[in-house]
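Engineer: Here you go, query.cif (mmCIF, C-alpha atoms and all ligand atoms):
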data_target
#
loop_
_atom_site.label_atom_id
_atom_site.label_comp_id
_atom_site.auth_asym_id
_atom_site.auth_seq_id
_atom_site.Cartn_x
_atom_site.Cartn_y
_atom_site.Cartn_z
CA MET F 1 -25.54 0.72 4.05
CA PHE F 2 -25.14 1.70 7.69
CA ALA F 3 -28.65 3.08 8.24
CA GLU F 4 -29.33 1.10 11.40
CA ILE F 5 -26.04 1.99 13.08
CA LYS F 6 -26.52 5.62 12.14
CA ASN F 7 -30.14 5.84 13.29
CA ASN F 8 -29.38 4.24 16.67
CA LEU F 9 -26.49 6.58 17.20
CA VAL F 10 -28.45 9.68 16.22
CA LYS F 11 -31.04 8.74 18.84
CA LYS F 12 -28.44 8.07 21.50
CA ALA F 13 -26.51 11.25 20.67
CA LYS F 14 -29.64 13.39 20.98
CA GLU F 15 -30.72 11.77 24.24
CA ASN F 16 -27.30 12.03 25.88
CA ASN F 17 -26.04 15.27 24.39
CA PHE F 18 -23.02 13.55 22.84
CA THR F 19 -19.80 15.39 22.04
CA LYS F 20 -17.81 14.68 18.86
CA SER F 21 -15.48 12.44 20.77
CA ASN F 22 -18.41 10.44 22.24
CA ILE F 23 -19.75 9.80 18.74
CA ILE F 24 -16.48 8.53 17.42
CA LYS F 25 -15.83 6.39 20.51
CA GLU F 26 -19.20 4.71 20.05
CA LEU F 27 -18.48 3.98 16.41
CA PHE F 28 -15.03 2.55 17.01
CA ALA F 29 -16.50 0.33 19.74
CA ASN F 30 -19.29 -0.89 17.45
CA GLU F 31 -18.99 -4.69 17.28
CA ASP F 32 -20.82 -4.96 13.99
CA LEU F 33 -18.34 -2.65 12.23
CA LYS F 34 -15.41 -4.44 13.90
CA HIS F 35 -16.67 -7.79 12.72
CA LYS F 36 -17.49 -6.73 9.17
CA TYR F 37 -14.32 -4.72 8.58
CA PRO F 38 -11.24 -6.36 10.06
CA ASN F 39 -9.20 -3.99 7.88
CA GLU F 40 -8.79 -0.88 10.10
CA ILE F 41 -8.33 1.50 7.20
CA ARG F 42 -11.73 0.71 5.80
CA ARG F 43 -13.33 0.70 9.23
CA SER F 44 -11.89 4.14 10.07
CA THR F 45 -13.14 5.50 6.75
CA PHE F 46 -16.65 4.19 7.42
CA VAL F 47 -16.50 5.59 10.96
CA GLY F 48 -15.71 9.00 9.44
CA GLN F 49 -18.56 8.76 6.96
CA ILE F 50 -21.10 7.67 9.58
CA THR F 51 -19.85 10.38 11.97
CA ASN F 52 -20.58 13.01 9.33
CA GLU F 53 -24.04 11.58 8.71
CA VAL F 54 -24.81 11.52 12.44
CA LEU F 55 -23.61 15.10 12.78
CA ALA F 56 -25.71 16.24 9.85
CA GLU F 57 -28.79 14.67 11.46
CA THR F 58 -28.09 16.14 14.86
CA GLY F 59 -27.97 19.60 13.31
CA SER F 60 -24.21 20.15 13.15
CA GLN F 61 -22.72 21.84 10.07
CA ASP F 62 -19.28 20.83 11.16
CA ILE F 63 -18.32 17.97 8.84
CA CYS F 64 -15.09 16.15 9.75
CA LYS F 65 -12.20 15.65 7.34
CA ILE F 66 -11.72 12.01 6.39
CA MET F 67 -8.04 11.21 5.91
CA ALA F 68 -7.96 7.50 6.64
CA ILE F 69 -7.91 5.71 3.32
CA GLY F 70 -5.12 5.69 0.74
CA ASP F 71 -7.52 6.18 -2.13
CA ILE F 72 -6.64 8.55 -4.97
CA GLU F 73 -8.79 11.33 -6.40
CA TYR F 74 -7.96 14.29 -8.62
CA PHE F 75 -9.26 17.84 -8.37
CA GLY F 76 -9.65 20.89 -10.65
CA GLU F 77 -7.31 20.90 -13.64
CA HIS F 78 -5.89 17.51 -12.72
CA LYS F 79 -9.34 15.99 -12.72
CA LYS F 80 -10.07 17.45 -16.16
CA LYS F 81 -6.81 16.11 -17.58
CA TRP F 82 -7.37 12.69 -16.04
CA GLU F 83 -10.91 12.45 -17.38
CA LYS F 84 -9.72 13.35 -20.86
CA LEU F 85 -7.02 10.70 -20.67
CA VAL F 86 -9.50 8.03 -19.58
CA LYS F 87 -12.10 9.02 -22.17
CA ASN F 88 -9.53 8.89 -24.99
CA SER F 89 -8.19 5.56 -23.76
CA ILE F 90 -11.70 4.10 -23.77
CA ALA F 91 -12.67 5.67 -27.09
CA ASN F 92 -9.59 4.22 -28.78
CA ILE F 93 -10.23 0.64 -27.69
CA ASN F 94 -10.11 -1.60 -30.72
CA ILE F 95 -13.17 -3.81 -30.44
CA LYS F 96 -11.72 -6.52 -32.63
CA TYR F 97 -9.29 -7.45 -29.82
CA LEU F 98 -11.98 -8.01 -27.22
CA THR F 99 -13.24 -11.47 -28.12
CA TRP F 100 -11.95 -14.92 -27.06
CA TYR F 101 -10.47 -16.10 -23.82
CA ASP F 102 -7.01 -14.93 -22.91
CA LEU F 103 -5.69 -18.49 -23.06
CA ALA F 104 -2.24 -17.68 -21.73
CA TRP F 105 -3.82 -15.83 -18.77
CA GLN F 106 -1.16 -13.22 -19.10
CA TRP F 107 -2.68 -10.37 -21.05
CA SER F 108 -1.29 -9.28 -24.40
CA LYS F 109 2.38 -8.84 -25.24
CA LEU F 110 1.71 -5.19 -25.97
CA PHE F 111 0.20 -4.79 -22.50
CA ARG F 112 3.25 -6.37 -20.86
CA ASP F 113 5.67 -4.32 -22.99
CA ARG F 114 3.88 -1.12 -21.98
CA ILE F 115 4.09 -2.17 -18.35
CA VAL F 116 7.85 -2.75 -18.68
CA ASP F 117 8.21 0.71 -20.27
CA TYR F 118 6.18 2.20 -17.43
CA MET F 119 8.37 0.50 -14.81
CA GLN F 120 11.38 2.03 -16.53
CA THR F 121 10.14 5.47 -15.51
CA TYR F 122 11.17 4.48 -11.98
CA TYR F 123 13.57 1.53 -12.33
CA ASP F 124 16.81 1.25 -14.17
CA PHE F 125 16.55 -2.06 -16.03
CA LEU F 126 19.86 -1.70 -17.87
CA ALA F 127 21.37 -4.75 -16.21
CA LEU F 128 18.30 -6.88 -16.87
CA ASP F 129 16.75 -8.60 -19.87
CA LYS F 130 13.65 -6.53 -20.62
CA GLU F 131 12.14 -9.05 -23.02
CA LYS F 132 12.37 -11.68 -20.32
CA ILE F 133 10.72 -9.42 -17.74
CA SER F 134 7.92 -8.73 -20.19
CA ASP F 135 7.43 -12.49 -20.75
CA ASP F 136 7.42 -13.14 -17.03
CA ILE F 137 4.94 -10.50 -15.89
CA VAL F 138 1.99 -11.99 -14.03
CA PRO F 139 -0.97 -9.60 -13.87
CA THR F 140 -3.33 -9.54 -10.89
CA TYR F 141 -6.54 -7.67 -10.09
CA GLY F 142 -5.10 -5.47 -7.38
CA TRP F 143 -2.57 -6.14 -4.68
CA THR F 144 -4.94 -7.76 -2.22
CA ASP F 145 -5.65 -10.31 -4.91
CA GLY F 146 -1.96 -10.51 -5.86
CA PHE F 147 -0.84 -10.96 -2.27
CA VAL F 148 -3.30 -13.77 -1.56
CA PHE F 149 -2.17 -15.34 -4.81
CA ILE F 150 1.56 -15.17 -3.95
CA LEU F 151 0.98 -16.84 -0.59
CA ASN F 152 -1.26 -19.43 -2.19
CA THR F 153 1.41 -20.21 -4.81
CA LEU F 154 4.20 -20.44 -2.23
CA LYS F 155 2.06 -22.88 -0.25
CA TRP F 156 1.60 -24.84 -3.47
CA ILE F 157 5.34 -24.94 -4.18
CA TYR F 158 6.34 -25.81 -0.63
CA THR F 159 3.52 -28.18 0.35
CA ASP F 160 5.55 -30.09 2.92
CA ARG F 161 7.28 -27.12 4.58
CA LYS F 162 6.52 -24.79 7.43
CA ILE F 163 6.10 -21.28 6.00
CA ASN F 164 6.92 -18.27 8.19
CA PHE F 165 6.01 -14.66 7.49
CA ILE F 166 8.32 -11.98 8.87
CA TYR F 167 7.46 -8.28 8.80
CA PRO F 168 8.51 -4.95 10.33
CA GLU F 169 5.90 -3.80 12.83
CA SER F 170 5.14 -0.67 10.84
CA SER F 171 3.93 -2.55 7.77
CA PHE F 172 0.68 -2.35 5.84
CA MET F 173 -1.43 -4.26 8.34
CA ALA F 174 -4.16 -5.30 5.91
CA ASN F 175 -1.64 -7.61 4.23
CA VAL F 176 -0.35 -8.87 7.56
CA LYS F 177 -3.91 -9.89 8.42
CA ILE F 178 -4.20 -11.71 5.11
CA ALA F 179 -0.92 -13.53 5.89
CA GLU F 180 -2.36 -14.53 9.24
CA THR F 181 -5.43 -16.10 7.66
CA GLU F 182 -3.37 -17.85 4.96
CA LEU F 183 -0.46 -19.07 7.10
CA GLY F 184 -1.69 -19.09 10.71
CA TRP F 185 -0.81 -16.56 13.44
CA GLU F 186 1.76 -18.92 14.94
CA ASN F 187 3.86 -18.56 11.79
CA LEU F 188 3.93 -14.75 11.85
CA PHE F 189 7.02 -12.94 13.22
CA GLU F 190 6.83 -9.22 13.87
CA ILE F 191 10.05 -7.23 14.23
CA LYS F 192 9.73 -4.12 16.36
CA LYS F 193 11.15 -0.81 15.19
CA PRO F 194 14.75 -0.70 16.40
CA ILE F 195 15.18 2.91 17.51
CA LYS F 196 13.43 6.27 17.69
CA ASN F 197 13.82 7.44 14.10
CA ASN F 198 13.95 4.11 12.35
CA PHE F 199 10.75 2.40 11.25
CA PHE F 200 12.39 -0.47 9.38
CA VAL F 201 14.39 -3.32 10.99
CA SER F 202 18.13 -3.64 11.55
CA ARG F 203 20.41 -6.43 10.36
CA ASP F 204 21.13 -7.25 14.02
CA GLN F 205 17.46 -7.75 14.77
CA VAL F 206 17.12 -10.16 11.86
CA ALA F 207 20.28 -11.99 12.98
CA GLU F 208 18.82 -12.31 16.47
CA LEU F 209 15.55 -13.64 15.09
CA TYR F 210 17.45 -16.33 13.18
CA GLU F 211 19.41 -17.22 16.32
CA GLN F 212 16.36 -17.45 18.52
CA GLU F 213 13.31 -18.38 16.45
CA LEU F 214 13.77 -18.92 12.72
CA ASN F 215 15.02 -22.08 11.14
CA SER F 216 16.59 -21.95 7.68
CA ASN F 217 15.00 -25.29 6.82
CA ASP F 218 11.64 -23.55 6.89
CA ILE F 219 10.46 -21.21 4.17
CA ASN F 220 10.99 -17.72 5.60
CA ILE F 221 9.09 -15.02 3.76
CA PHE F 222 10.09 -11.42 4.44
CA TYR F 223 7.47 -8.78 3.64
CA ILE F 224 9.26 -5.57 2.63
CA THR F 225 7.63 -2.29 1.66
CA PRO F 226 10.57 -0.10 0.54
CA VAL F 227 8.45 3.05 0.43
CA TRP F 228 6.10 2.66 3.24
CA ASN F 229 2.59 2.56 4.30
CA PRO F 230 2.04 3.63 7.08
CA THR F 231 5.09 5.86 7.40
CA TRP F 232 5.78 7.40 4.03
CA GLU F 233 9.49 7.09 4.64
CA LYS F 234 11.71 5.48 2.13
CA ILE F 235 13.95 2.84 3.69
CA ASP F 236 17.50 3.87 3.11
CA LYS F 237 19.21 1.70 0.56
CA LYS F 238 22.03 0.67 2.88
CA SER F 239 19.61 -0.74 5.49
CA ILE F 240 17.66 -2.82 2.97
CA LEU F 241 20.86 -4.17 1.41
CA GLU F 242 22.28 -5.10 4.81
CA VAL F 243 19.17 -7.07 5.68
CA LEU F 244 18.86 -8.73 2.26
CA GLU F 245 22.54 -9.67 2.15
CA PHE F 246 22.43 -11.11 5.63
CA VAL F 247 19.35 -13.23 4.97
CA ALA F 248 20.64 -14.38 1.56
CA SER F 249 23.93 -15.52 3.08
CA LYS F 250 22.20 -17.33 5.92
CA ASP F 251 19.14 -18.88 4.37
CA ASP F 252 18.91 -20.55 0.96
CA ASN F 253 15.16 -20.87 1.17
CA SER F 254 14.29 -17.27 2.01
CA VAL F 255 11.78 -15.33 -0.07
CA PHE F 256 11.32 -11.56 -0.18
CA ILE F 257 7.97 -10.10 -1.15
CA PHE F 258 8.58 -6.53 -2.23
CA ASP F 259 5.48 -4.38 -1.98
CA ASN F 260 6.50 -1.65 -4.42
CA VAL F 261 3.16 0.08 -4.80
CA TYR F 262 4.66 3.47 -3.87
CA VAL F 263 8.10 3.23 -5.44
CA GLY F 264 6.93 4.96 -8.63
CA LEU F 265 6.01 8.02 -6.58
CA LEU F 266 9.62 8.71 -5.65
CA LYS F 267 11.73 11.10 -7.64
CA GLU F 268 13.14 9.15 -10.58
CA ALA F 269 16.76 9.35 -9.44
CA GLU F 270 15.84 8.11 -5.96
CA SER F 271 13.84 5.07 -7.05
CA LYS F 272 16.42 4.12 -9.65
CA SER F 273 19.26 4.37 -7.20
CA MET F 274 17.35 2.44 -4.56
CA PHE F 275 17.16 -0.69 -6.71
CA ASN F 276 20.39 -0.65 -8.74
CA GLU F 277 22.36 -2.96 -6.45
CA ILE F 278 19.35 -5.17 -5.85
CA PHE F 279 18.90 -5.73 -9.59
CA THR F 280 22.56 -6.56 -10.12
CA ASP F 281 23.09 -8.90 -7.14
CA SER F 282 21.86 -12.31 -8.27
CA ARG F 283 22.10 -13.83 -4.78
CA ILE F 284 19.49 -11.35 -3.66
CA ASN F 285 17.32 -10.68 -6.69
CA LYS F 286 16.49 -14.31 -7.38
CA ARG F 287 14.68 -14.48 -4.04
CA ILE F 288 12.39 -11.53 -4.69
CA ILE F 289 8.83 -11.39 -5.92
CA PHE F 290 8.16 -7.80 -6.94
CA SER F 291 4.66 -6.41 -6.83
CA GLU F 292 3.81 -3.25 -8.77
CA SER F 293 0.71 -1.27 -9.50
CA LEU F 294 -1.00 1.62 -11.20
CA SER F 295 -3.26 2.13 -8.16
CA LYS F 296 -1.36 4.90 -6.43
CA THR F 297 1.03 6.20 -9.06
CA LEU F 298 -1.74 6.89 -11.54
CA TRP F 299 -5.29 7.30 -10.34
CA MET F 300 -6.27 3.67 -10.75
CA THR F 301 -7.32 2.37 -7.31
CA GLY F 302 -10.73 1.53 -8.77
CA PHE F 303 -9.40 -0.12 -11.93
CA ARG F 304 -7.43 -2.84 -10.09
CA VAL F 305 -4.35 -3.11 -12.26
CA TRP F 306 -1.37 -4.79 -10.58
CA TRP F 307 1.32 -7.15 -11.68
CA LEU F 308 3.95 -9.42 -10.20
CA TRP F 309 7.37 -10.20 -11.64
CA SER F 310 10.41 -12.03 -10.49
CA LEU F 311 13.84 -13.05 -11.71
CA ASN F 312 13.34 -16.43 -10.09
CA GLN F 313 12.16 -18.85 -12.76
CA VAL F 314 10.58 -21.26 -10.31
CA PHE F 315 8.43 -18.51 -8.81
CA VAL F 316 7.44 -17.20 -12.23
CA SER F 317 6.49 -20.54 -13.71
CA GLU F 318 4.58 -21.64 -10.61
CA LEU F 319 2.71 -18.34 -10.40
CA LYS F 320 1.72 -18.74 -14.04
CA ARG F 321 0.80 -22.41 -13.62
CA ASN F 322 -1.30 -21.61 -10.55
CA ILE F 323 -3.09 -18.86 -12.45
CA THR F 324 -4.08 -21.10 -15.32
CA LEU F 325 -5.46 -23.55 -12.79
CA LYS F 326 -7.33 -21.24 -10.46
CA LYS F 327 -8.19 -18.03 -12.28
CA ALA F 328 -10.08 -17.87 -15.52
CA TRP F 329 -9.55 -14.17 -15.65
CA PHE F 330 -8.12 -11.14 -17.31
CA SER F 331 -10.53 -8.91 -19.01
CA LYS F 332 -9.48 -7.93 -22.49
CA LEU F 333 -11.34 -4.69 -22.02
CA LEU F 334 -9.00 -3.72 -19.20
CA ASN F 335 -6.06 -4.98 -21.23
CA GLU F 336 -6.87 -2.64 -24.12
CA PHE F 337 -7.59 0.26 -21.80
CA VAL F 338 -4.21 -0.06 -20.06
CA VAL F 339 -2.40 -0.36 -23.40
CA ASN F 340 -3.96 2.96 -24.40
CA ILE F 341 -3.50 4.83 -21.14
CA LEU F 342 0.21 3.95 -21.07
CA SER F 343 0.78 4.88 -24.71
CA ASP F 344 2.24 8.36 -24.13
CA LEU F 345 4.66 7.98 -21.25
CA PRO F 346 6.33 11.42 -21.42
CA TYR F 347 2.88 13.03 -21.07
CA LEU F 348 1.94 10.67 -18.27
CA THR F 349 5.16 11.37 -16.37
CA ARG F 350 4.61 15.13 -16.58
CA PHE F 351 1.03 14.74 -15.43
CA GLN F 352 1.98 12.47 -12.54
CA THR F 353 4.68 14.87 -11.39
CA GLU F 354 2.15 17.72 -11.28
CA VAL F 355 -0.20 15.60 -9.17
CA TYR F 356 2.56 14.44 -6.83
CA ASN F 357 3.63 18.06 -6.33
CA PHE F 358 0.06 18.88 -5.39
CA TRP F 359 0.12 16.13 -2.75
CA THR F 360 3.40 17.50 -1.41
CA LEU F 361 1.80 20.92 -1.03
CA GLN F 362 -1.18 19.39 0.77
CA ARG F 363 1.06 17.48 3.14
CA LYS F 364 3.26 20.45 3.89
CA SER F 365 0.36 22.81 4.55
CA PHE F 366 -1.24 20.22 6.80
CA TYR F 367 2.01 19.78 8.70
CA ASN F 368 2.42 23.55 9.13
CA GLU F 369 -1.12 23.79 10.44
CA ILE F 370 -0.44 20.99 12.91
CA LYS F 371 2.76 22.68 14.09
CA LYS F 372 0.98 26.01 14.48
CA ASN F 373 -2.27 24.90 16.12
CA PHE F 374 -1.95 21.37 17.45
CA ALA F 375 1.70 20.81 18.35
CA HIS F 376 0.63 20.12 21.96
CA LEU F 377 -1.04 16.87 20.82
CA TYR F 378 1.82 15.26 18.96
CA ASN F 379 5.34 14.18 19.59
CA LEU F 380 6.69 15.61 16.35
CA GLU F 381 10.29 14.73 17.10
CA TRP F 382 9.38 11.05 17.02
CA SER F 383 7.17 11.36 13.96
CA THR F 384 8.27 10.78 10.39
CA GLN F 385 9.67 13.81 8.59
CA VAL F 386 7.61 15.61 5.95
CA LEU F 387 10.17 16.07 3.22
CA ASP F 388 9.97 17.93 -0.02
CA ARG F 389 9.07 14.80 -1.88
CA GLU F 390 5.98 13.23 -3.36
CA GLY F 391 3.89 11.03 -1.16
CA ILE F 392 0.45 10.42 0.27
CA TYR F 393 0.91 9.78 3.98
CA ILE F 394 2.06 11.44 7.17
CA LEU F 395 2.64 9.44 10.34
CA LEU F 396 2.53 11.41 13.59
CA LYS F 397 3.21 10.09 17.08
CA ILE F 398 0.76 11.29 19.69
CA LYS F 399 1.70 12.39 23.21
CA ASN F 400 1.75 9.44 25.60
CA TRP F 401 -1.14 10.41 27.79
CA LEU F 402 -3.57 11.24 24.95
CA LYS F 403 -6.17 9.12 23.24
CA THR F 404 -6.69 9.19 19.49
CA GLU F 405 -10.38 10.04 19.96
CA ASP F 406 -9.39 13.22 21.81
CA ILE F 407 -7.07 14.17 18.98
CA PHE F 408 -9.95 13.65 16.59
CA ALA F 409 -12.27 15.84 18.66
CA GLU F 410 -9.72 18.66 18.65
CA THR F 411 -8.42 18.45 15.06
CA TRP F 412 -11.67 17.21 13.56
CA ILE F 413 -9.86 14.87 11.20
CA ILE F 414 -10.41 11.13 11.01
CA TRP F 415 -7.28 8.97 10.80
CA VAL F 416 -5.95 5.46 11.02
CA GLN F 417 -4.50 4.52 14.40
CA ILE F 418 -1.21 2.61 14.29
CA ASN F 419 0.07 1.00 17.49
CA LEU F 420 3.84 0.60 17.50
CA SER F 421 6.04 -0.69 20.30
CA ASP F 422 7.09 2.81 21.36
CA GLY F 423 3.67 4.43 21.35
CA ILE F 424 0.55 5.30 19.41
CA TYR F 425 0.79 6.91 16.00
CA ILE F 426 -1.77 8.34 13.62
CA ARG F 427 -1.54 7.94 9.88
CA TYR F 428 -3.09 10.69 7.74
CA ALA F 429 -3.69 10.01 4.03
CA PHE F 430 -3.62 12.73 1.36
CA GLY F 431 -4.39 10.95 -1.93
CA ASN F 432 -8.02 12.00 -2.16
CA VAL F 433 -8.21 15.34 -0.37
CA ASN F 434 -7.76 18.99 -1.28
CA TYR F 435 -8.45 20.44 2.15
CA TYR F 436 -5.20 22.40 2.49
C1 LIG M 501 1.72 -0.90 0.99
C2 LIG M 501 0.40 -1.23 0.33
N1 LIG M 501 0.27 -2.40 -0.29
C3 LIG M 501 -0.90 -2.76 -0.86
C4 LIG M 501 -2.01 -1.92 -0.85
C5 LIG M 501 -3.34 -2.39 -1.41
O1 LIG M 501 -3.48 -2.17 -2.73
P1 LIG M 501 -4.86 -2.49 -3.52
O2 LIG M 501 -5.89 -1.62 -2.92
O3 LIG M 501 -4.54 -2.12 -4.93
O4 LIG M 501 -5.17 -3.93 -3.36
C6 LIG M 501 -1.91 -0.68 -0.23
C7 LIG M 501 -3.09 0.21 -0.19
O5 LIG M 501 -3.16 1.18 0.50
C8 LIG M 501 -0.67 -0.34 0.38
O6 LIG M 501 -0.55 0.82 1.03
#
Reformat the file's structure so that it appears as structure tokens.
Structural biologist:
Amino acid sequence: MFAEIKNNLVKKAKENNFTKSNIIKELFANEDLKHKYPNEIRRSTFVGQITNEVLAETGSQDICKIMAIGDIEYFGEHKKKWEKLVKNSIANINIKYLTWYDLAWQWSKLFRDRIVDYMQTYYDFLALDKEKISDDIVPTYGWTDGFVFILNTLKWIYTDRKINFIYPESSFMANVKIAETELGWENLFEIKKPIKNNFFVSRDQVAELYEQELNSNDINIFYITPVWNPTWEKIDKKSILEVLEFVASKDDNSVFIFDNVYVGLLKEAESKSMFNEIFTDSRINKRIIFSESLSKTLWMTGFRVWWLWSLNQVFVSELKRNITLKKAWFSKLLNEFVVNILSDLPYLTRFQTEVYNFWTLQRKSFYNEIKKNFAHLYNLEWSTQVLDREGIYILLKIKNWLKTEDIFAETWIIWVQINLSDGIYIRYAFGNVNYY
């Protein structure tokens, strides 16, 4: 795929006696890669892969660790268990259900019921009507697809309105870039992190934005990732509620997109507690479009199973209407597979917990190694904490005078660079590695 880039670089590296840091600098500066992969996470991953190929061809045995992408992979016993689960779920597919279009474009009722049961492993739905949620689930093929589709539907609902997109600076940038292409850069509003150890936004910052730039006659969409990429910090419940309550009281047109891809990775009590008040406050919850997935909680990044739901009937019906118009989709094969894989939830929960504990061990060992050998490169006090909790990322701030390429050359790990208002950070991802 990258043969030409690699071959040119091998030649150049041999002629000029390149160091590791020279190789990576060249690749990050490569215009072709920049153009083809505007998503930095993918570009960094490819840079890592090409670096390793160049090194192999220049005679180096020293392969770098690639920790850029939030992909998921299992190892050892976990891999065996996962493969068995997948094989059984495929083997038990009932072929008689595979024919005909899915005319409702909403997958089967059994699929949606299983999804609601799965969500109940991390949400407390006691105050909500579960049958209604099941009816209102809108499946998508992955979040990128779901996110484009939400924006497209909101544009469809509010054809004559200006639509703004507001996000904390430490958000998942791939989606911010999608918002830029869908809504225009002039309608994007970034809120900088308020203080040293806070990567979300404060109520006062949002209030100031309304005073100075936002207009409540516009449609103001807030993009909220309660358990974060890039940080792997969970926003504390009080801060989210303060922001949501403020916006709800100020702006009748506001919309919150909740990117809950990682919420299921939290300990059950934490995720349930995080959303209790949100689910019971109708002023707030009717403005939210929730997005959920099996990508990161269960090893399904490659299967593309996501779904949207909302307690707002206008959003739900317009999302459904838009789907029937624009997407003749939903594979019944995937439908049946998901029904089967979610059939034994107690087993699945035990399995997931084992895997999440493995990730925690990886993250902690990595962090200890950094503290022991590379503390001089990072500003650990300003970095996010590595807690005894499941998760797949670590975000470390680098010392002011350093460059990320130099960190790479010393640690020999490829990362994603995140530029925040108070400095440069590196995000390391742990979902597909067993290095530590
Ligand atoms: C916060 C967040 N949202 C969305 C996604 C994208 O999900 P998908 O690859 O399933 O489209 C990711 C992937 O890393 C993510 O971290």
Engineer: Find the residues around Tyr378 of chain F up to 8 Å (all atoms listed in the file counted), leave out those fewer than 4 positions away in its own chain, and share them as a VMD selection string.
Structural biologist: chain F and resid 374 396 to 399
Engineer: Set out as a Markdown table a contact list for chain F and ligand LIG 501 (chain M) with a cut-off of 10 Å, giving each residue of chain F that qualifies its closest atom pair and distance in Å to one decimal, counting all atoms listed in the file, ordered by chain and rising residue number.
Structural biologist:
| residue | atom | partner | partner_atom | distance |
| --- | --- | --- | --- | --- |
| F:Ile41 | CA | M:LIG501 | O5 | 8.5 |
| F:Ile69 | CA | M:LIG501 | O5 | 7.1 |
| F:Gly70 | CA | M:LIG501 | O5 | 4.9 |
| F:Asp71 | CA | M:LIG501 | O5 | 7.1 |
| F:Ile72 | CA | M:LIG501 | O5 | 9.8 |
| F:Thr140 | CA | M:LIG501 | O4 | 9.6 |
| F:Tyr141 | CA | M:LIG501 | O4 | 7.8 |
| F:Gly142 | CA | M:LIG501 | O3 | 4.2 |
| F:Trp143 | CA | M:LIG501 | O4 | 3.7 |
| F:Thr144 | CA | M:LIG501 | O4 | 4.0 |
| F:Asp145 | CA | M:LIG501 | O4 | 6.6 |
| F:Gly146 | CA | M:LIG501 | O4 | 7.7 |
| F:Phe147 | CA | M:LIG501 | C3 | 8.3 |
| F:Ser171 | CA | M:LIG501 | C1 | 7.3 |
| F:Phe172 | CA | M:LIG501 | C1 | 5.2 |
| F:Met173 | CA | M:LIG501 | C1 | 8.7 |
| F:Ala174 | CA | M:LIG501 | C4 | 7.9 |
| F:Asn175 | CA | M:LIG501 | C3 | 7.1 |
| F:Ile224 | CA | M:LIG501 | C1 | 9.0 |
| F:Thr225 | CA | M:LIG501 | C1 | 6.1 |
| F:Pro226 | CA | M:LIG501 | C1 | 8.9 |
| F:Val227 | CA | M:LIG501 | C1 | 7.8 |
| F:Trp228 | CA | M:LIG501 | C1 | 6.1 |
| F:Asn229 | CA | M:LIG501 | O6 | 4.9 |
| F:Pro230 | CA | M:LIG501 | O6 | 7.2 |
| F:Thr231 | CA | M:LIG501 | O6 | 9.9 |
| F:Trp232 | CA | M:LIG501 | O6 | 9.6 |
| F:Phe258 | CA | M:LIG501 | C1 | 9.4 |
| F:Asp259 | CA | M:LIG501 | N1 | 5.8 |
| F:Asn260 | CA | M:LIG501 | C1 | 7.3 |
| F:Val261 | CA | M:LIG501 | N1 | 5.9 |
| F:Tyr262 | CA | M:LIG501 | C1 | 7.2 |
| F:Val263 | CA | M:LIG501 | C1 | 10.0 |
| F:Ser291 | CA | M:LIG501 | N1 | 8.8 |
| F:Glu292 | CA | M:LIG501 | C3 | 9.2 |
| F:Ser293 | CA | M:LIG501 | O3 | 7.0 |
| F:Leu294 | CA | M:LIG501 | O3 | 8.1 |
| F:Ser295 | CA | M:LIG501 | O3 | 5.5 |
| F:Lys296 | CA | M:LIG501 | O3 | 7.9 |
| F:Met300 | CA | M:LIG501 | O3 | 8.4 |
| F:Thr301 | CA | M:LIG501 | O3 | 5.8 |
| F:Gly302 | CA | M:LIG501 | O3 | 8.1 |
| F:Phe303 | CA | M:LIG501 | O3 | 8.8 |
| F:Arg304 | CA | M:LIG501 | O3 | 6.0 |
| F:Val305 | CA | M:LIG501 | O3 | 7.4 |
| F:Trp306 | CA | M:LIG501 | O3 | 7.0 |
| F:Ile392 | CA | M:LIG501 | O6 | 9.7 |
| F:Tyr393 | CA | M:LIG501 | O6 | 9.5 |
| F:Ala429 | CA | M:LIG501 | O5 | 9.5 |
Engineer: Write out as an NGL selection string which residues come within 12 Å of Gln120 of chain F when counting only C-alpha atoms, dropping same-chain ones fewer than 2 positions away.
Structural biologist: :F and (113-118 or 122-126 or 128 or 130 or 133-134 or 263-264 or 268-269 or 271-272 or 275 or 345-346 or 349)
Engineer: Between atom CA of Asn400 of chain F and atom CA of Lys196 of chain F, what is the distance in Å, rounded to a tenth?
Structural biologist: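 The value is 14.5 Å.
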Engineer: Between atom CA of Ala127 of chain F and atom CA of Asn276 of chain F, what is the spacing in Å?
Structural biologist: 8.6 Å
Engineer: Would you pick out the contacts of Glu169 of chain F at 6 Å or less, using all atoms listed in the file, so that residues sharing its chain but fewer than 2 positions from it are not included, and give the list as an MDAnalysis selection string?
Structural biologist: chainID F and resid 171 190:192
Engineer: Dump as a PyMOL selection string all residues having an atom at most 10 Å from (13.4, -24.1, 8.0), computed in the file's coordinates with all atoms listed in the file.
Structural biologist: chain F and resi 161-164+214-220+251-254
Engineer: Neighbouring residues of Asp62 of chain F were defined as those with any atom within 9 Å, considering all atoms listed in the file; residues of the same chain fewer than 6 positions away were excluded. Please report them as a PDB file with C-alpha atoms, in the coordinates of the input.
Structural biologist:
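Saved the output as around-v6.pdb:
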ATOM      1  CA  ASN F  52     -20.580  13.010   9.330  1.00  0.00           C
ATOM      2  CA  LEU F  55     -23.610  15.100  12.780  1.00  0.00           C
ATOM      3  CA  ALA F  56     -25.710  16.240   9.850  1.00  0.00           C
ATOM      4  CA  TRP F 412     -11.670  17.210  13.560  1.00  0.00           C
TER       5      TRP F 412
END
Engineer: Out of F:Met67, F:Val54, F:Tyr347, F:Val247, which residue has the shortest atom-to-atom distance to Ile426 of chain F when counting all atoms listed in the file?
Structural biologist: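 Ranking F:Met67, F:Val54, F:Tyr347, F:Val247 by distance to Ile426 of chain F, first place goes to F:Met67.
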